[in-house]
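*Asks:* My structure is below; once you've seen it, I'll send some questions.
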Amino acid sequence: MKIPVFVSSPTSLSPSQEAARTVIIQQLENNDLEPRALGRSDYPTELPLREVLLIARHCSGGIILGFEQFRAETGISKPGSIGEKRISTPVPFPTAWNHLESGILFGLRLPILVFREEGITGGVFDNGVSDVFIHPIPSPGIKGPAKDALRQVFQRWAGKVRDHYYDDRHA
């Protein structure tokens, strides 16, 4: 039996993003873990946020995939404040659901693994916000030492997921 883990990822991805997500899902399968996600493996019967909580309660770990879902070409950051700043280069944003779902996973004290595309910042994607290291989204053609490093990251995290699963079942 595979251990369920919650995967926070947008359902609408570009082909390159979907290929990168597939690399992550393959790592889950290699570690006998089952990806669970609203809109992919599970479909809501109640309000979506409540459904996320219900799914996450049955999981023993979580992965946050910070893919770009919106891009602001220009704008003003923190308007009207002392920290106001004009934005003149494109800024990518993840789905807001990444932040909601990571908060739920954190609140449930599940082992979390966080990945982000280049340029994604804010909330869970800021270094030092939690005790979780923020990893770059792996490229679909990952090979050699980078692939070995990714495998090691997953093996260490999967060990924590298994500890949670078996401690929780026998508590």
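Naming works like this for the structure tokens: A, B, ... for the chains as they're shown, residue 1 at the start of each chain, ligands 1 onward in shown order.
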Determine which residues of chain A receive a DSSP assignment of strand (DSSP E or B), computed from the backbone, and state them as a VMD selection string.
*Replies:* chain A and resid 3 to 8 33 to 36 38 42 62 to 66 70 to 72 75 to 77 85 to 87 91 to 93 112 to 116 134 to 136
*Asks:* For Glu18 (chain A), work out the shell of residues within 12 Å, counting only C-alpha atoms and skipping chain neighbours fewer than 6 positions away, then give it as a list in words.
*Replies:* Ser9, Pro10, Thr11, Ser12, Ile24, Ile25, Leu65, Phe67, Glu68, Ile137, Pro138, Ser139 and Pro140 of chain A
*Asks:* Selection from above, N, CA, C and O atoms, as an mmCIF file, in the first residue's frame, can you write it?
*Replies:*
```cif
data_model
loop_
_atom_site.group_PDB
_atom_site.id
_atom_site.type_symbol
_atom_site.label_atom_id
_atom_site.label_comp_id
_atom_site.auth_asym_id
_atom_site.auth_seq_id
_atom_site.Cartn_x
_atom_site.Cartn_y
_atom_site.Cartn_z
ATOM 1 N N SER A 9 -0.500 21.877 -6.346
ATOM 2 C CA SER A 9 -0.061 22.273 -7.676
ATOM 3 C C SER A 9 -1.268 22.737 -8.469
ATOM 4 O O SER A 9 -2.345 22.150 -8.349
ATOM 5 N N PRO A 10 -1.096 23.761 -9.294
ATOM 6 C CA PRO A 10 -2.217 24.164 -10.146
ATOM 7 C C PRO A 10 -2.614 23.026 -11.082
ATOM 8 O O PRO A 10 -1.776 22.205 -11.460
ATOM 9 N N THR A 11 -3.881 22.969 -11.456
ATOM 10 C CA THR A 11 -4.311 21.938 -12.404
ATOM 11 C C THR A 11 -4.003 22.344 -13.837
ATOM 12 O O THR A 11 -3.786 21.490 -14.682
ATOM 13 N N SER A 12 -3.951 23.650 -14.111
ATOM 14 C CA SER A 12 -3.626 24.133 -15.462
ATOM 15 C C SER A 12 -2.153 24.516 -15.515
ATOM 16 O O SER A 12 -1.741 25.508 -14.906
ATOM 17 N N ILE A 24 8.481 15.178 -10.470
ATOM 18 C CA ILE A 24 8.156 15.106 -9.034
ATOM 19 C C ILE A 24 7.279 13.890 -8.750
ATOM 20 O O ILE A 24 7.532 13.132 -7.805
ATOM 21 N N ILE A 25 6.243 13.697 -9.546
ATOM 22 C CA ILE A 25 5.325 12.570 -9.342
ATOM 23 C C ILE A 25 6.069 11.244 -9.473
ATOM 24 O O ILE A 25 5.820 10.300 -8.719
ATOM 25 N N LEU A 65 4.234 22.840 -5.022
ATOM 26 C CA LEU A 65 4.866 23.119 -6.306
ATOM 27 C C LEU A 65 4.498 24.535 -6.739
ATOM 28 O O LEU A 65 3.368 24.784 -7.182
ATOM 29 N N PHE A 67 4.481 26.874 -9.218
ATOM 30 C CA PHE A 67 4.568 27.179 -10.647
ATOM 31 C C PHE A 67 3.972 28.553 -10.907
ATOM 32 O O PHE A 67 2.962 28.924 -10.295
ATOM 33 N N GLU A 68 4.550 29.280 -11.856
ATOM 34 C CA GLU A 68 4.007 30.580 -12.240
ATOM 35 C C GLU A 68 2.595 30.408 -12.789
ATOM 36 O O GLU A 68 2.355 29.596 -13.673
ATOM 37 N N ILE A 137 12.350 24.038 -8.922
ATOM 38 C CA ILE A 137 11.596 23.020 -9.676
ATOM 39 C C ILE A 137 12.608 22.282 -10.559
ATOM 40 O O ILE A 137 13.394 22.929 -11.259
ATOM 41 N N PRO A 138 12.614 20.954 -10.525
ATOM 42 C CA PRO A 138 13.570 20.217 -11.366
ATOM 43 C C PRO A 138 13.205 20.299 -12.847
ATOM 44 O O PRO A 138 12.023 20.355 -13.198
ATOM 45 N N SER A 139 14.213 20.329 -13.676
ATOM 46 C CA SER A 139 13.953 20.363 -15.120
ATOM 47 C C SER A 139 13.580 18.958 -15.590
ATOM 48 O O SER A 139 14.043 17.965 -15.015
ATOM 49 N N PRO A 140 12.745 18.860 -16.609
ATOM 50 C CA PRO A 140 12.313 17.558 -17.111
ATOM 51 C C PRO A 140 13.475 16.649 -17.552
ATOM 52 O O PRO A 140 13.398 15.451 -17.416
#
```
*Asks:* Which is closest to Leu108 (chain A) among A:Asp167, A:Leu53, A:Lys147, A:Ser14, if we use only C-alpha atoms?
*Replies:* A:Leu53
*Asks:* Which residues, written as a PDB file with all heavy atoms, in the first residue's frame, have at least one atom at most 8 Å from Asn31 (chain A), with only C-alpha atoms counted and residues fewer than 2 positions away on the same chain left out?
*Replies:*
```pdb
ATOM      1  N   GLN A  27       9.170  10.728  -8.686  1.00  0.00           N
ATOM      2  CA  GLN A  27       9.917  10.555  -7.434  1.00  0.00           C
ATOM      3  C   GLN A  27       9.007  10.021  -6.325  1.00  0.00           C
ATOM      4  O   GLN A  27       9.428   9.202  -5.516  1.00  0.00           O
ATOM      5  CB  GLN A  27      10.568  11.878  -7.000  1.00  0.00           C
ATOM      6  CG  GLN A  27      11.758  12.280  -7.822  1.00  0.00           C
ATOM      7  CD  GLN A  27      12.918  11.315  -7.675  1.00  0.00           C
ATOM      8  OE1 GLN A  27      13.191  10.792  -6.594  1.00  0.00           O
ATOM      9  NE2 GLN A  27      13.609  11.075  -8.768  1.00  0.00           N
ATOM     10  N   LEU A  28       7.757  10.495  -6.304  1.00  0.00           N
ATOM     11  CA  LEU A  28       6.809   9.968  -5.317  1.00  0.00           C
ATOM     12  C   LEU A  28       6.604   8.475  -5.542  1.00  0.00           C
ATOM     13  O   LEU A  28       6.646   7.688  -4.599  1.00  0.00           O
ATOM     14  CB  LEU A  28       5.469  10.710  -5.404  1.00  0.00           C
ATOM     15  CG  LEU A  28       5.461  12.163  -4.965  1.00  0.00           C
ATOM     16  CD1 LEU A  28       4.094  12.784  -5.203  1.00  0.00           C
ATOM     17  CD2 LEU A  28       5.871  12.288  -3.513  1.00  0.00           C
ATOM     18  N   GLU A  29       6.364   8.100  -6.787  1.00  0.00           N
ATOM     19  CA  GLU A  29       6.144   6.689  -7.115  1.00  0.00           C
ATOM     20  C   GLU A  29       7.371   5.843  -6.785  1.00  0.00           C
ATOM     21  O   GLU A  29       7.238   4.727  -6.276  1.00  0.00           O
ATOM     22  CB  GLU A  29       5.745   6.555  -8.583  1.00  0.00           C
ATOM     23  CG  GLU A  29       4.368   7.133  -8.856  1.00  0.00           C
ATOM     24  CD  GLU A  29       3.992   7.170 -10.328  1.00  0.00           C
ATOM     25  OE1 GLU A  29       4.725   6.610 -11.169  1.00  0.00           O
ATOM     26  OE2 GLU A  29       2.946   7.777 -10.636  1.00  0.00           O
ATOM     27  N   LEU A  33       4.963   6.367  -2.628  1.00  0.00           N
ATOM     28  CA  LEU A  33       4.059   7.384  -2.106  1.00  0.00           C
ATOM     29  C   LEU A  33       2.997   7.676  -3.158  1.00  0.00           C
ATOM     30  O   LEU A  33       3.268   7.641  -4.360  1.00  0.00           O
ATOM     31  CB  LEU A  33       4.834   8.658  -1.752  1.00  0.00           C
ATOM     32  CG  LEU A  33       5.970   8.483  -0.742  1.00  0.00           C
ATOM     33  CD1 LEU A  33       6.751   9.773  -0.575  1.00  0.00           C
ATOM     34  CD2 LEU A  33       5.443   7.997   0.599  1.00  0.00           C
ATOM     35  N   PHE A 154      14.311  13.478  -1.886  1.00  0.00           N
ATOM     36  CA  PHE A 154      13.056  12.723  -1.755  1.00  0.00           C
ATOM     37  C   PHE A 154      13.192  11.565  -0.772  1.00  0.00           C
ATOM     38  O   PHE A 154      12.261  11.292  -0.015  1.00  0.00           O
ATOM     39  CB  PHE A 154      12.564  12.230  -3.122  1.00  0.00           C
ATOM     40  CG  PHE A 154      11.602  13.183  -3.758  1.00  0.00           C
ATOM     41  CD1 PHE A 154      12.062  14.196  -4.578  1.00  0.00           C
ATOM     42  CD2 PHE A 154      10.245  13.094  -3.503  1.00  0.00           C
ATOM     43  CE1 PHE A 154      11.178  15.091  -5.149  1.00  0.00           C
ATOM     44  CE2 PHE A 154       9.352  13.992  -4.073  1.00  0.00           C
ATOM     45  CZ  PHE A 154       9.826  14.994  -4.899  1.00  0.00           C
ATOM     46  N   GLN A 155      14.309  10.882  -0.774  1.00  0.00           N
ATOM     47  CA  GLN A 155      14.480   9.759   0.149  1.00  0.00           C
ATOM     48  C   GLN A 155      14.463  10.227   1.596  1.00  0.00           C
ATOM     49  O   GLN A 155      13.827   9.594   2.443  1.00  0.00           O
ATOM     50  CB  GLN A 155      15.773   9.008  -0.170  1.00  0.00           C
ATOM     51  CG  GLN A 155      15.681   8.181  -1.426  1.00  0.00           C
ATOM     52  CD  GLN A 155      17.011   7.571  -1.844  1.00  0.00           C
ATOM     53  OE1 GLN A 155      18.078   7.999  -1.412  1.00  0.00           O
ATOM     54  NE2 GLN A 155      16.941   6.573  -2.714  1.00  0.00           N
ATOM     55  N   ALA A 158      10.862  11.314   2.314  1.00  0.00           N
ATOM     56  CA  ALA A 158      10.000  10.126   2.355  1.00  0.00           C
ATOM     57  C   ALA A 158      10.182   9.373   3.672  1.00  0.00           C
ATOM     58  O   ALA A 158       9.220   8.798   4.193  1.00  0.00           O
ATOM     59  CB  ALA A 158      10.281   9.219   1.160  1.00  0.00           C
TER      60      ALA A 158
END
```
*Asks:* When you draw a straight line from CA of Gln26 (chain A) to CA of Phe70 (chain A), how long is it in Å?
*Replies:* 26.2 Å
*Asks:* Would you please work out which residue, of A:Ile64, A:Arg57, A:Val5, A:Arg162, is nearest to Glu117 (chain A) when using only C-alpha atoms?
*Replies:*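 Checking each candidate against Glu117 (chain A), we get A:Ile64 as the closest.
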*Asks:* Write down as a PDB file with N, CA, C and O atoms, in the first residue's frame the residues of region 44-90 of chain A whose backbone DSSP state falls under alpha helix (DSSP H).
*Replies:*
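See result_27.pdb below for the written result:
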```
ATOM      1  N   PRO A  48     -14.256  23.770  -1.668  1.00  0.00           N
ATOM      2  CA  PRO A  48     -12.890  23.333  -1.974  1.00  0.00           C
ATOM      3  C   PRO A  48     -11.913  23.421  -0.799  1.00  0.00           C
ATOM      4  O   PRO A  48     -11.119  22.501  -0.592  1.00  0.00           O
ATOM      5  N   LEU A  49     -11.958  24.480  -0.017  1.00  0.00           N
ATOM      6  CA  LEU A  49     -11.008  24.601   1.093  1.00  0.00           C
ATOM      7  C   LEU A  49     -11.261  23.528   2.150  1.00  0.00           C
ATOM      8  O   LEU A  49     -10.319  22.951   2.702  1.00  0.00           O
ATOM      9  N   ARG A  50     -12.519  23.217   2.406  1.00  0.00           N
ATOM     10  CA  ARG A  50     -12.847  22.141   3.343  1.00  0.00           C
ATOM     11  C   ARG A  50     -12.361  20.804   2.791  1.00  0.00           C
ATOM     12  O   ARG A  50     -11.849  19.959   3.515  1.00  0.00           O
ATOM     13  N   GLU A  51     -12.501  20.634   1.493  1.00  0.00           N
ATOM     14  CA  GLU A  51     -12.065  19.385   0.850  1.00  0.00           C
ATOM     15  C   GLU A  51     -10.551  19.219   0.956  1.00  0.00           C
ATOM     16  O   GLU A  51     -10.046  18.117   1.166  1.00  0.00           O
ATOM     17  N   VAL A  52      -9.805  20.325   0.812  1.00  0.00           N
ATOM     18  CA  VAL A  52      -8.348  20.274   0.982  1.00  0.00           C
ATOM     19  C   VAL A  52      -8.015  19.763   2.377  1.00  0.00           C
ATOM     20  O   VAL A  52      -7.165  18.886   2.541  1.00  0.00           O
ATOM     21  N   LEU A  53      -8.693  20.289   3.377  1.00  0.00           N
ATOM     22  CA  LEU A  53      -8.453  19.844   4.758  1.00  0.00           C
ATOM     23  C   LEU A  53      -8.769  18.358   4.918  1.00  0.00           C
ATOM     24  O   LEU A  53      -8.003  17.615   5.534  1.00  0.00           O
ATOM     25  N   LEU A  54      -9.878  17.909   4.357  1.00  0.00           N
ATOM     26  CA  LEU A  54     -10.255  16.494   4.462  1.00  0.00           C
ATOM     27  C   LEU A  54      -9.210  15.592   3.800  1.00  0.00           C
ATOM     28  O   LEU A  54      -8.839  14.557   4.349  1.00  0.00           O
ATOM     29  N   ILE A  55      -8.742  15.988   2.633  1.00  0.00           N
ATOM     30  CA  ILE A  55      -7.713  15.197   1.938  1.00  0.00           C
ATOM     31  C   ILE A  55      -6.422  15.200   2.747  1.00  0.00           C
ATOM     32  O   ILE A  55      -5.815  14.151   2.980  1.00  0.00           O
ATOM     33  N   ALA A  56      -5.995  16.393   3.172  1.00  0.00           N
ATOM     34  CA  ALA A  56      -4.722  16.531   3.891  1.00  0.00           C
ATOM     35  C   ALA A  56      -4.713  15.735   5.196  1.00  0.00           C
ATOM     36  O   ALA A  56      -3.667  15.196   5.582  1.00  0.00           O
ATOM     37  N   ARG A  57      -5.849  15.632   5.863  1.00  0.00           N
ATOM     38  CA  ARG A  57      -5.918  14.861   7.119  1.00  0.00           C
ATOM     39  C   ARG A  57      -5.627  13.376   6.902  1.00  0.00           C
ATOM     40  O   ARG A  57      -5.280  12.676   7.831  1.00  0.00           O
TER      41      ARG A  57
END
```
*Asks:* What gap, in Å, lies between CA of Ala20 (chain A) and CA of Pro4 (chain A)?
*Replies:*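 We find that CA of Ala20 (chain A) and CA of Pro4 (chain A) lie 20.2 Å from each other.
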*Asks:* Tell me, in Å to one decimal, how far CA of Ala19 (chain A) is from CA of Gly128 (chain A).
*Replies:* 28.3 Å
*Asks:* I'd like the neighbourhood of region 100-103 of chain A as a PyMOL selection string, where a residue qualifies if any of its atoms comes within 7 Å (using only C-alpha atoms), though same-chain residues fewer than 4 positions away should be ignored.
*Replies:* chain A and resi 8+64+96+107
*Asks:* Quick one: residues within 8 Å of Asp32 (chain A), only C-alpha atoms, excluding same-chain residues fewer than 2 positions away - as a list in words?
*Replies:*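 With the cut-off at 8 Å, the set is Met1, Lys2, Ile3, Leu28, Glu29, Asn30 and Glu34 of chain A.
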*Asks:* Using N, CA and C atoms, can you write the selected residues to a file as a compact mmCIF listing (two decimals), in the first residue's frame?
*Replies:*
```
# COMPACT_ATOMS: atom_id res chain seq x y z
N MET A 1 0.84 -1.18 0.00
CA MET A 1 0.00 0.00 0.00
C MET A 1 0.88 1.25 0.00
N LYS A 2 0.54 2.19 -0.85
CA LYS A 2 1.30 3.44 -0.92
C LYS A 2 0.79 4.41 0.13
N ILE A 3 1.70 5.22 0.64
CA ILE A 3 1.36 6.22 1.65
C ILE A 3 0.92 7.50 0.93
N LEU A 28 7.76 10.50 -6.30
CA LEU A 28 6.81 9.97 -5.32
C LEU A 28 6.60 8.48 -5.54
N GLU A 29 6.36 8.10 -6.79
CA GLU A 29 6.14 6.69 -7.12
C GLU A 29 7.37 5.84 -6.78
N ASN A 30 8.56 6.39 -7.03
CA ASN A 30 9.80 5.66 -6.72
C ASN A 30 9.94 5.41 -5.22
N GLU A 34 1.79 7.96 -2.69
CA GLU A 34 0.65 8.21 -3.58
C GLU A 34 0.30 9.69 -3.59
```
*Asks:* Could you pull the residues within 12 Å of Tyr166 (chain A), counting only C-alpha atoms, minus those fewer than 5 positions along the same chain, as number ranges by chain?
*Replies:* A: 3, 59-60, 159-161, 171
*Asks:* Could you write those residues out with N, CA, C and O atoms, as a PDB file, in the first residue's frame?
*Replies:*
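The result, stored in again.pdb:
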```pdb
ATOM      1  N   ILE A   3       1.703   5.222   0.643  1.00  0.00           N
ATOM      2  CA  ILE A   3       1.365   6.224   1.647  1.00  0.00           C
ATOM      3  C   ILE A   3       0.917   7.497   0.925  1.00  0.00           C
ATOM      4  O   ILE A   3       1.616   7.998   0.050  1.00  0.00           O
ATOM      5  N   CYS A  59      -3.366  12.359   4.717  1.00  0.00           N
ATOM      6  CA  CYS A  59      -2.020  12.284   4.139  1.00  0.00           C
ATOM      7  C   CYS A  59      -0.970  12.330   5.244  1.00  0.00           C
ATOM      8  O   CYS A  59      -1.236  12.791   6.342  1.00  0.00           O
ATOM      9  N   SER A  60       0.222  11.852   4.910  1.00  0.00           N
ATOM     10  CA  SER A  60       1.325  11.854   5.875  1.00  0.00           C
ATOM     11  C   SER A  60       2.463  12.761   5.452  1.00  0.00           C
ATOM     12  O   SER A  60       3.539  12.723   6.039  1.00  0.00           O
ATOM     13  N   GLY A 159      11.393   9.384   4.229  1.00  0.00           N
ATOM     14  CA  GLY A 159      11.616   8.772   5.538  1.00  0.00           C
ATOM     15  C   GLY A 159      10.789   9.462   6.609  1.00  0.00           C
ATOM     16  O   GLY A 159      10.183   8.808   7.467  1.00  0.00           O
ATOM     17  N   LYS A 160      10.721  10.792   6.552  1.00  0.00           N
ATOM     18  CA  LYS A 160       9.905  11.544   7.515  1.00  0.00           C
ATOM     19  C   LYS A 160       8.417  11.259   7.302  1.00  0.00           C
ATOM     20  O   LYS A 160       7.652  11.159   8.266  1.00  0.00           O
ATOM     21  N   VAL A 161       8.021  11.116   6.039  1.00  0.00           N
ATOM     22  CA  VAL A 161       6.625  10.796   5.726  1.00  0.00           C
ATOM     23  C   VAL A 161       6.270   9.423   6.300  1.00  0.00           C
ATOM     24  O   VAL A 161       5.214   9.258   6.915  1.00  0.00           O
ATOM     25  N   ALA A 171      -0.478   5.337  17.085  1.00  0.00           N
ATOM     26  CA  ALA A 171      -0.612   6.236  18.258  1.00  0.00           C
ATOM     27  C   ALA A 171      -1.853   5.912  19.059  1.00  0.00           C
ATOM     28  O   ALA A 171      -2.787   5.350  18.643  1.00  0.00           O
TER      29      ALA A 171
END
```
